[in-house]
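J.: Enclosed is the structure file run18.cif (mmCIF, C-alpha atoms).
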data_entry
loop_
_atom_site.label_atom_id
_atom_site.label_comp_id
_atom_site.auth_asym_id
_atom_site.auth_seq_id
_atom_site.Cartn_x
_atom_site.Cartn_y
_atom_site.Cartn_z
CA MET I 1 0.00 0.00 0.00
CA GLY I 2 1.36 3.37 -1.00
CA PRO I 3 1.29 6.51 1.14
CA ILE I 4 -1.91 8.53 1.36
CA THR I 5 -1.74 11.75 -0.68
CA LEU I 6 -3.82 14.63 0.74
CA ALA I 7 -5.69 16.96 -1.61
CA ILE I 8 -5.33 20.71 -1.13
CA GLY I 9 -8.25 22.19 0.77
CA GLY I 10 -9.81 21.23 4.09
CA ASN I 11 -12.98 19.37 2.99
CA ASN I 12 -11.40 17.62 0.01
CA SER I 13 -8.47 16.53 2.18
CA SER I 14 -10.78 15.06 4.80
CA MET I 15 -12.91 13.27 2.23
CA GLU I 16 -9.92 11.81 0.40
CA GLN I 17 -8.43 10.58 3.68
CA THR I 18 -11.70 8.84 4.49
CA ASP I 19 -11.99 7.27 1.02
CA MET I 20 -8.43 5.97 1.12
CA SER I 21 -8.90 4.56 4.64
CA VAL I 22 -12.01 2.66 3.51
CA SER I 23 -10.18 1.39 0.43
CA ARG I 24 -7.24 0.30 2.59
CA VAL I 25 -9.47 -1.69 4.96
CA GLN I 26 -11.27 -3.34 2.03
CA ASN I 27 -7.95 -4.34 0.48
CA LEU I 28 -6.78 -5.82 3.77
CA SER I 29 -10.00 -7.84 4.12
CA THR I 30 -9.66 -9.15 0.58
CA ALA I 31 -6.04 -10.12 1.20
CA SER I 32 -6.98 -12.09 4.31
CA ARG I 33 -9.56 -14.10 2.37
CA VAL I 34 -7.21 -14.81 -0.53
CA SER I 35 -4.53 -16.10 1.84
CA PHE I 36 -6.64 -19.18 2.55
CA ALA I 37 -7.65 -19.90 -1.06
CA SER I 38 -6.56 -23.20 -2.58
CA VAL I 39 -5.17 -21.55 -5.70
CA SER I 40 -3.86 -18.07 -6.33
CA MET I 41 -6.42 -15.46 -7.31
CA GLY I 42 -5.06 -12.05 -8.19
CA GLU I 43 -2.02 -10.54 -6.51
CA GLU I 44 -0.42 -12.86 -3.96
CA LYS I 45 0.99 -11.86 -0.60
CA PRO I 46 4.53 -12.99 0.29
CA PHE I 47 4.47 -16.43 1.91
CA ASP I 48 4.50 -16.04 5.70
CA PHE I 49 5.52 -19.44 7.09
CA VAL I 50 5.37 -18.45 10.76
CA GLN I 51 1.90 -16.89 10.56
CA THR I 52 0.58 -19.81 8.51
CA LEU I 53 2.03 -22.25 11.05
CA ILE I 54 0.45 -20.40 13.98
CA ASP I 55 -2.94 -20.21 12.25
CA GLY I 56 -2.79 -23.93 11.43
CA VAL I 57 -1.89 -24.90 14.99
CA ILE I 58 -4.70 -22.83 16.54
CA ALA I 59 -7.33 -23.84 13.98
CA GLY I 60 -6.33 -27.52 14.04
CA GLY I 61 -6.32 -27.75 17.83
CA THR I 62 -9.71 -26.07 18.10
CA ALA I 63 -11.34 -28.24 15.43
CA GLY I 64 -9.84 -31.46 16.82
CA PHE I 65 -11.03 -30.70 20.35
CA VAL I 66 -14.63 -30.06 19.25
CA VAL I 67 -14.86 -33.20 17.09
CA GLU I 68 -13.41 -35.57 19.69
CA THR I 69 -15.57 -34.24 22.51
CA VAL I 70 -18.84 -34.46 20.55
CA LEU I 71 -18.30 -37.76 18.70
CA TYR I 72 -16.22 -39.85 21.10
CA PRO I 73 -19.02 -42.35 21.93
CA ILE I 74 -19.44 -43.25 18.24
CA ASP I 75 -15.69 -43.85 17.99
CA THR I 76 -15.85 -46.12 21.05
CA ILE I 77 -18.65 -48.20 19.50
CA LYS I 78 -16.68 -48.49 16.26
CA THR I 79 -13.56 -49.66 18.12
CA ARG I 80 -15.48 -52.28 20.13
CA LEU I 81 -17.14 -53.63 16.98
CA GLN I 82 -13.77 -53.99 15.28
CA ALA I 83 -12.15 -55.57 18.34
CA ALA I 84 -14.87 -58.22 18.78
CA ARG I 85 -13.89 -61.55 17.27
CA GLY I 86 -16.45 -63.90 15.81
CA GLY I 87 -19.79 -63.43 17.55
CA GLY I 88 -18.41 -61.49 20.50
CA GLN I 89 -20.84 -59.22 22.34
CA ILE I 90 -20.44 -55.44 22.40
CA VAL I 91 -20.35 -53.64 25.76
CA TRP I 92 -22.43 -50.45 25.67
CA LYS I 93 -21.27 -48.96 28.98
CA GLY I 94 -18.46 -46.46 29.40
CA LEU I 95 -18.69 -44.93 25.94
CA TYR I 96 -16.67 -41.93 27.12
CA SER I 97 -13.95 -44.11 28.63
CA GLY I 98 -10.54 -42.57 27.94
CA LEU I 99 -11.81 -39.24 26.64
CA ALA I 100 -9.65 -37.05 28.90
CA GLY I 101 -6.46 -38.88 28.00
CA ASN I 102 -7.44 -38.83 24.34
CA LEU I 103 -7.99 -35.06 24.35
CA ALA I 104 -4.54 -34.62 25.84
CA GLY I 105 -3.14 -36.22 22.69
CA VAL I 106 -5.67 -35.06 20.11
CA LEU I 107 -5.10 -31.35 20.76
CA PRO I 108 -1.35 -31.37 19.99
CA ALA I 109 -1.80 -33.97 17.21
CA SER I 110 -4.46 -31.90 15.41
CA ALA I 111 -2.39 -28.78 15.93
CA ALA I 112 0.71 -30.54 14.55
CA PHE I 113 -1.20 -31.81 11.52
CA LEU I 114 -2.63 -28.44 10.51
CA GLY I 115 0.57 -26.69 11.51
CA VAL I 116 2.42 -28.77 8.91
CA TYR I 117 -0.41 -29.13 6.37
CA GLU I 118 -1.20 -25.44 5.84
CA PRO I 119 2.38 -24.22 5.17
CA THR I 120 3.15 -27.29 3.03
CA LYS I 121 -0.04 -26.83 0.99
CA LYS I 122 0.59 -23.14 0.38
CA LYS I 123 4.22 -23.71 -0.55
CA LEU I 124 3.33 -26.48 -3.02
CA LEU I 125 0.51 -24.45 -4.55
CA ARG I 126 3.02 -21.70 -5.29
CA MET I 127 5.51 -24.16 -6.80
CA LEU I 128 3.14 -26.29 -8.90
CA PRO I 129 0.92 -25.23 -11.82
CA GLU I 130 -2.75 -24.71 -10.98
CA ASN I 131 -3.84 -27.89 -12.77
CA LEU I 132 -1.78 -29.89 -10.25
CA SER I 133 -3.41 -28.39 -7.16
CA ALA I 134 -4.77 -31.85 -6.23
CA VAL I 135 -1.20 -33.13 -6.02
CA ALA I 136 -0.35 -30.30 -3.64
CA HIS I 137 -3.34 -31.14 -1.41
CA MET I 138 -2.66 -34.89 -1.36
CA THR I 139 1.03 -34.42 -0.65
CA ALA I 140 0.39 -31.87 2.09
CA GLY I 141 -2.17 -34.21 3.67
CA ALA I 142 0.30 -37.11 3.74
CA VAL I 143 3.12 -34.93 5.11
CA GLY I 144 0.84 -33.53 7.81
CA GLY I 145 -0.30 -37.04 8.72
CA MET I 146 3.29 -38.24 9.02
CA ALA I 147 4.18 -35.39 11.37
CA ALA I 148 1.07 -35.89 13.52
CA SER I 149 1.56 -39.68 13.71
CA LEU I 150 4.29 -39.28 16.32
CA ILE I 151 1.61 -37.99 18.70
CA ARG I 152 -1.44 -39.74 17.25
CA VAL I 153 -0.18 -43.32 17.61
CA PRO I 154 0.52 -43.37 21.38
CA THR I 155 -2.77 -41.51 21.89
CA GLU I 156 -4.64 -44.04 19.75
CA VAL I 157 -3.03 -47.04 21.49
CA VAL I 158 -3.99 -45.77 24.95
CA LYS I 159 -7.47 -44.69 23.81
CA GLN I 160 -8.39 -47.97 22.14
CA ARG I 161 -7.16 -50.13 25.00
CA MET I 162 -9.23 -48.05 27.39
CA GLN I 163 -12.23 -48.26 25.07
CA THR I 164 -11.96 -52.06 25.10
CA GLY I 165 -11.78 -52.16 28.91
CA GLN I 166 -8.09 -53.05 29.35
CA PHE I 167 -7.34 -50.01 31.52
CA VAL I 168 -9.34 -47.54 33.60
CA SER I 169 -7.15 -44.42 33.30
CA ALA I 170 -4.70 -42.99 30.79
CA PRO I 171 -1.75 -42.69 33.25
CA ASP I 172 -2.17 -46.34 34.31
CA ALA I 173 -2.41 -47.37 30.67
CA VAL I 174 0.83 -45.63 29.76
CA ARG I 175 2.66 -46.95 32.82
CA LEU I 176 1.56 -50.57 32.37
CA ILE I 177 2.08 -50.62 28.61
CA VAL I 178 5.65 -49.37 29.03
CA ALA I 179 6.28 -51.82 31.91
CA LYS I 180 5.03 -54.87 29.98
CA GLU I 181 5.91 -54.02 26.38
CA GLY I 182 8.54 -51.32 26.66
CA PHE I 183 8.32 -47.86 25.13
CA LYS I 184 7.69 -49.44 21.73
CA GLY I 185 4.36 -50.71 23.10
CA LEU I 186 3.04 -47.15 22.81
CA TYR I 187 3.72 -47.39 19.09
CA ALA I 188 2.09 -50.80 18.56
CA GLY I 189 0.61 -50.97 15.09
CA TYR I 190 2.56 -47.92 13.92
CA ARG I 191 3.02 -49.20 10.37
CA SER I 192 -0.63 -50.18 10.10
CA PHE I 193 -1.55 -46.76 11.45
CA LEU I 194 0.46 -45.09 8.70
CA LEU I 195 -1.04 -47.51 6.17
CA ARG I 196 -4.48 -46.23 7.20
CA ASP I 197 -3.87 -42.58 8.06
CA LEU I 198 -1.55 -41.42 5.29
CA PRO I 199 -3.99 -42.45 2.51
CA PHE I 200 -6.88 -41.20 4.66
CA ASP I 201 -5.37 -37.76 5.25
CA ALA I 202 -4.26 -37.43 1.63
CA ILE I 203 -7.63 -38.46 0.17
CA GLN I 204 -9.84 -36.59 2.64
CA PHE I 205 -8.06 -33.27 2.41
CA CYS I 206 -7.65 -33.53 -1.36
CA LEU I 207 -11.37 -34.24 -1.78
CA TYR I 208 -12.32 -31.43 0.56
CA GLU I 209 -10.01 -28.85 -1.00
CA GLN I 210 -10.91 -29.78 -4.60
CA LEU I 211 -14.67 -29.84 -3.95
CA ARG I 212 -14.43 -26.56 -2.09
CA LEU I 213 -12.36 -24.99 -4.85
CA GLY I 214 -14.76 -26.17 -7.57
CA TYR I 215 -17.79 -24.93 -5.64
CA LYS I 216 -16.13 -21.58 -5.01
CA LEU I 217 -15.26 -21.10 -8.69
CA ALA I 218 -18.80 -22.05 -9.74
CA ALA I 219 -20.45 -19.80 -7.15
CA LYS I 220 -17.91 -17.00 -7.75
CA ARG I 221 -17.80 -16.20 -4.03
CA GLU I 222 -16.40 -17.43 -0.74
CA LEU I 223 -18.21 -20.39 0.83
CA ASN I 224 -20.19 -19.97 4.03
CA ASP I 225 -19.89 -22.21 7.09
CA PRO I 226 -22.79 -24.59 6.26
CA GLU I 227 -21.36 -25.15 2.76
CA ASN I 228 -17.91 -25.91 4.15
CA ALA I 229 -19.53 -28.30 6.65
CA VAL I 230 -21.45 -30.20 3.95
CA ILE I 231 -18.36 -30.60 1.78
CA GLY I 232 -16.36 -31.73 4.82
CA ALA I 233 -19.02 -34.31 5.71
CA PHE I 234 -19.02 -35.79 2.21
CA ALA I 235 -15.22 -35.93 1.99
CA GLY I 236 -14.96 -37.50 5.45
CA ALA I 237 -17.71 -40.11 4.96
CA LEU I 238 -16.41 -41.28 1.58
CA THR I 239 -12.80 -41.48 2.77
CA GLY I 240 -13.86 -43.26 5.97
CA ALA I 241 -15.73 -45.95 4.01
CA ILE I 242 -12.82 -46.54 1.63
CA THR I 243 -10.27 -46.93 4.44
CA THR I 244 -12.36 -49.11 6.81
CA PRO I 245 -10.39 -52.35 6.12
CA LEU I 246 -7.16 -50.50 6.97
CA ASP I 247 -8.79 -49.23 10.16
CA VAL I 248 -9.80 -52.76 11.22
CA ILE I 249 -6.24 -54.00 10.74
CA LYS I 250 -4.86 -51.03 12.68
CA THR I 251 -7.29 -51.60 15.57
CA ARG I 252 -6.47 -55.32 15.87
CA LEU I 253 -2.72 -54.69 15.93
CA MET I 254 -2.97 -51.86 18.43
CA ILE I 255 -5.09 -53.68 21.02
CA GLN I 256 -3.39 -57.09 20.91
CA GLY I 257 -0.88 -56.12 23.59
CA SER I 258 2.04 -58.38 24.50
CA GLY I 259 0.20 -61.50 23.33
CA ASN I 260 1.23 -60.80 19.73
CA GLN I 261 -1.65 -62.71 18.20
CA TYR I 262 -0.74 -61.18 14.84
CA LYS I 263 2.81 -61.11 13.53
CA GLY I 264 2.28 -58.13 11.27
CA ILE I 265 -0.04 -56.50 8.78
CA VAL I 266 -0.11 -59.36 6.26
CA ASP I 267 -0.55 -62.00 8.96
CA CYS I 268 -3.35 -59.95 10.51
CA VAL I 269 -5.24 -59.80 7.21
CA LYS I 270 -4.78 -63.54 6.57
CA THR I 271 -5.87 -64.48 10.09
CA ILE I 272 -8.98 -62.29 10.02
CA VAL I 273 -10.07 -63.60 6.62
CA ARG I 274 -9.35 -67.23 7.57
CA GLU I 275 -11.06 -67.16 10.97
CA GLU I 276 -13.85 -64.62 10.45
CA GLY I 277 -14.25 -64.22 6.71
CA ALA I 278 -13.51 -61.29 4.42
CA PRO I 279 -16.58 -59.26 5.58
CA ALA I 280 -14.85 -58.90 8.98
CA LEU I 281 -12.53 -56.35 7.33
CA LEU I 282 -15.55 -54.06 7.10
CA LYS I 283 -16.49 -54.30 10.77
CA GLY I 284 -17.58 -50.98 12.18
CA VAL I 285 -18.00 -49.38 8.75
CA GLY I 286 -21.39 -47.90 9.76
CA PRO I 287 -20.22 -46.12 12.93
CA ARG I 288 -16.97 -45.16 11.18
CA VAL I 289 -18.74 -43.49 8.24
CA LEU I 290 -21.19 -41.81 10.63
CA TRP I 291 -18.43 -40.67 12.97
CA ILE I 292 -16.09 -39.36 10.27
CA GLY I 293 -18.94 -37.88 8.22
CA ILE I 294 -20.28 -35.87 11.12
CA GLY I 295 -16.73 -35.28 12.31
CA GLY I 296 -15.71 -33.95 8.90
CA SER I 297 -18.67 -31.59 8.96
CA ILE I 298 -17.75 -30.24 12.38
CA PHE I 299 -13.99 -30.28 11.82
CA PHE I 300 -13.93 -28.39 8.54
CA GLY I 301 -16.72 -26.05 9.63
CA VAL I 302 -14.82 -25.12 12.79
CA LEU I 303 -11.52 -25.06 10.88
CA GLU I 304 -12.66 -22.53 8.29
CA SER I 305 -14.47 -20.42 10.91
CA THR I 306 -11.35 -20.31 13.07
CA LYS I 307 -9.09 -19.44 10.14
CA ARG I 308 -11.46 -16.67 9.08
CA PHE I 309 -11.62 -15.33 12.64
CA LEU I 310 -7.83 -15.28 12.87
CA ALA I 311 -7.53 -13.50 9.51
CA GLU I 312 -10.14 -10.88 10.41
CA SER I 313 -8.52 -10.31 13.81
CA ARG I 314 -5.18 -9.79 12.09
CA VAL I 315 -6.76 -7.27 9.68
CA LYS I 316 -8.25 -5.32 12.60
CA ARG I 317 -4.88 -5.23 14.38
CA ILE I 318 -3.18 -3.90 11.24
CA GLU I 319 -5.98 -1.38 10.73
CA ASN I 320 -5.74 -0.11 14.31
CA THR I 321 -1.96 0.15 14.04
CA GLU I 322 -2.14 2.17 10.83
CA ILE I 323 -4.84 4.48 12.24
CA LYS I 324 -2.62 5.19 15.25
CA GLN I 325 0.31 5.91 12.95
CA ASP I 326 -1.82 8.33 10.92
#
Please express what this file holds, its structure, as structure tokens.

T.:
Amino acid sequence: MGPITLAIGGNNSSMEQTDMSVSRVQNLSTASRVSFASVSMGEEKPFDFVQTLIDGVIAGGTAGFVVETVLYPIDTIKTRLQAARGGGQIVWKGLYSGLAGNLAGVLPASAAFLGVYEPTKKKLLRMLPENLSAVAHMTAGAVGGMAASLIRVPTEVVKQRMQTGQFVSAPDAVRLIVAKEGFKGLYAGYRSFLLRDLPFDAIQFCLYEQLRLGYKLAAKRELNDPENAVIGAFAGALTGAITTPLDVIKTRLMIQGSGNQYKGIVDCVKTIVREEGAPALLKGVGPRVLWIGIGGSIFFGVLESTKRFLAESRVKRIENTEIKQD
């Protein structure tokens, strides 16, 4: 923004100052909205890695907290369905078992994911041609998932063992897992987790970003919160259905403990199919699709709202600073 030039004469000077101030605020607001677009539209701002990282951490942590708190019982039901072998009965009590410990891990994991995803996405979108934006979204999703996995896996191991009644508190779970299985016990099923989550993150975020981009170009405007929520629900539900077999394998490997019933991913698949039949790989698909569909709606709705709030707050701070300088 260039300096404000005052016209000669009292009234004209005052009016021109006012017009330029309004124009400056409008330009700032437009810049804040463009900064979160999937592809470049118009003049781009210089890439601010630190600000993008901070926004991603705050937005990701907020969205993750809301989703986990609201939908935890559905996740518990899904886990117990997948853990049950043969005609095992499902326990319907304690559906919030392990929530507090899970939130302690979900908050930093969600923050880490978005903190890596947003800067990576923006950097790739600047490097790649616009017709390869899907590649940028898929790659950023996978990279974000890899970074978050270091926190997600121990959280998931503790959560699922509490959901299946093996432990009554998160501290006891951590202590006993480490005592019996060593520190590596907290990362049980790590490879199967990556096998599920890296494709999941890549597909879900690519679907969401591409659908959102297409809708925005067709509507020729920014999307509102309900529209973001609907797109997030669709992307989450479809991705959740596709990756259910990978989720079943991950659950079985994570909850087996020191018994080592399965020797690895391939052995787990063979054993499940041999003993329970191929349909067992789709156990919990209903609750999973419901959970991730609703979760996607809430997550992306809260995510976009939080990012917009942060951008608007930043614009107001800049505006106030410039008014004081004037």

J.: To one decimal place, how far is CA of Phe205 in chain I from CA of Leu107 in chain I in Å?

T.: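 Going from CA of Phe205 in chain I over to CA of Leu107 in chain I covers 18.7 Å.
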
J.: Carefully work through the PyMOL selection byres ((chain I and resi 286) around 10) for this structure and note down the residues it includes, as a VMD selection string.

T.: chain I and resid 74 78 237 240 to 241 244 282 to 285 287 to 291

J.: Take the selection from the previous step and output its residues with C-alpha atoms, as a PDB file, in the frame of the given file.

T.:
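part.pdb, written as the output of this step:
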ATOM      1  CA  ILE I  74     -19.440 -43.250  18.240  1.00  0.00           C
ATOM      2  CA  LYS I  78     -16.680 -48.490  16.260  1.00  0.00           C
ATOM      3  CA  ALA I 237     -17.710 -40.110   4.960  1.00  0.00           C
ATOM      4  CA  GLY I 240     -13.860 -43.260   5.970  1.00  0.00           C
ATOM      5  CA  ALA I 241     -15.730 -45.950   4.010  1.00  0.00           C
ATOM      6  CA  THR I 244     -12.360 -49.110   6.810  1.00  0.00           C
ATOM      7  CA  LEU I 282     -15.550 -54.060   7.100  1.00  0.00           C
ATOM      8  CA  LYS I 283     -16.490 -54.300  10.770  1.00  0.00           C
ATOM      9  CA  GLY I 284     -17.580 -50.980  12.180  1.00  0.00           C
ATOM     10  CA  VAL I 285     -18.000 -49.380   8.750  1.00  0.00           C
ATOM     11  CA  PRO I 287     -20.220 -46.120  12.930  1.00  0.00           C
ATOM     12  CA  ARG I 288     -16.970 -45.160  11.180  1.00  0.00           C
ATOM     13  CA  VAL I 289     -18.740 -43.490   8.240  1.00  0.00           C
ATOM     14  CA  LEU I 290     -21.190 -41.810  10.630  1.00  0.00           C
ATOM     15  CA  TRP I 291     -18.430 -40.670  12.970  1.00  0.00           C
TER      16      TRP I 291
END

J.: Neighbouring residues of Ile298 in chain I were defined as those with any atom within 9 Å, considering all atoms listed in the file; residues of the same chain fewer than 3 positions away were excluded. Please report them as a list in words.

T.: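 Listed by chain and then number, they are Ala63, Val66, Val67, Ala229, Gly232, Ala233, Gly293, Ile294, Gly295, Gly301, Val302 and Leu303 of chain I.
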
J.: Once the PyMOL selection byres ((chain I and resi 208) around 9) has been evaluated on this model, what residues remain selected, and can you format them as a PyMOL selection string?

T.: chain I and resi 203-207+209-213+228+231-236+300

J.: I want to know what sits within 8 Å of Gly61 in chain I, based on only C-alpha atoms, with residues of the same chain fewer than 2 positions away left out; could you give that as a list in words?

T.: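 So, after excluding close chain neighbours, the residues are Val57, Ile58, Ala59, Ala63, Gly64, Phe65, Val106, Leu107, Pro108, Ala109, Ser110 and Ala111 of chain I.
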
J.: Which residue gives the smallest distance to Ser192 in chain I among I:Phe167, I:Tyr72, I:Tyr96, I:Tyr262, with all atoms listed in the file counted?

T.: I:Tyr262

J.: Report as a PyMOL selection string the residues that result from applying the PyMOL selection byres ((chain I and resi 173-176) around 10) to the structure here.

T.: chain I and resi 98+101+154-155+157-159+161-162+166-172+177-183+185-186

J.: To one decimal place, how far is CA of Leu71 in chain I from CA of Asn102 in chain I in Å?

T.: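 Atom-to-atom, CA of Leu71 in chain I and CA of Asn102 in chain I are spaced 12.3 Å apart.
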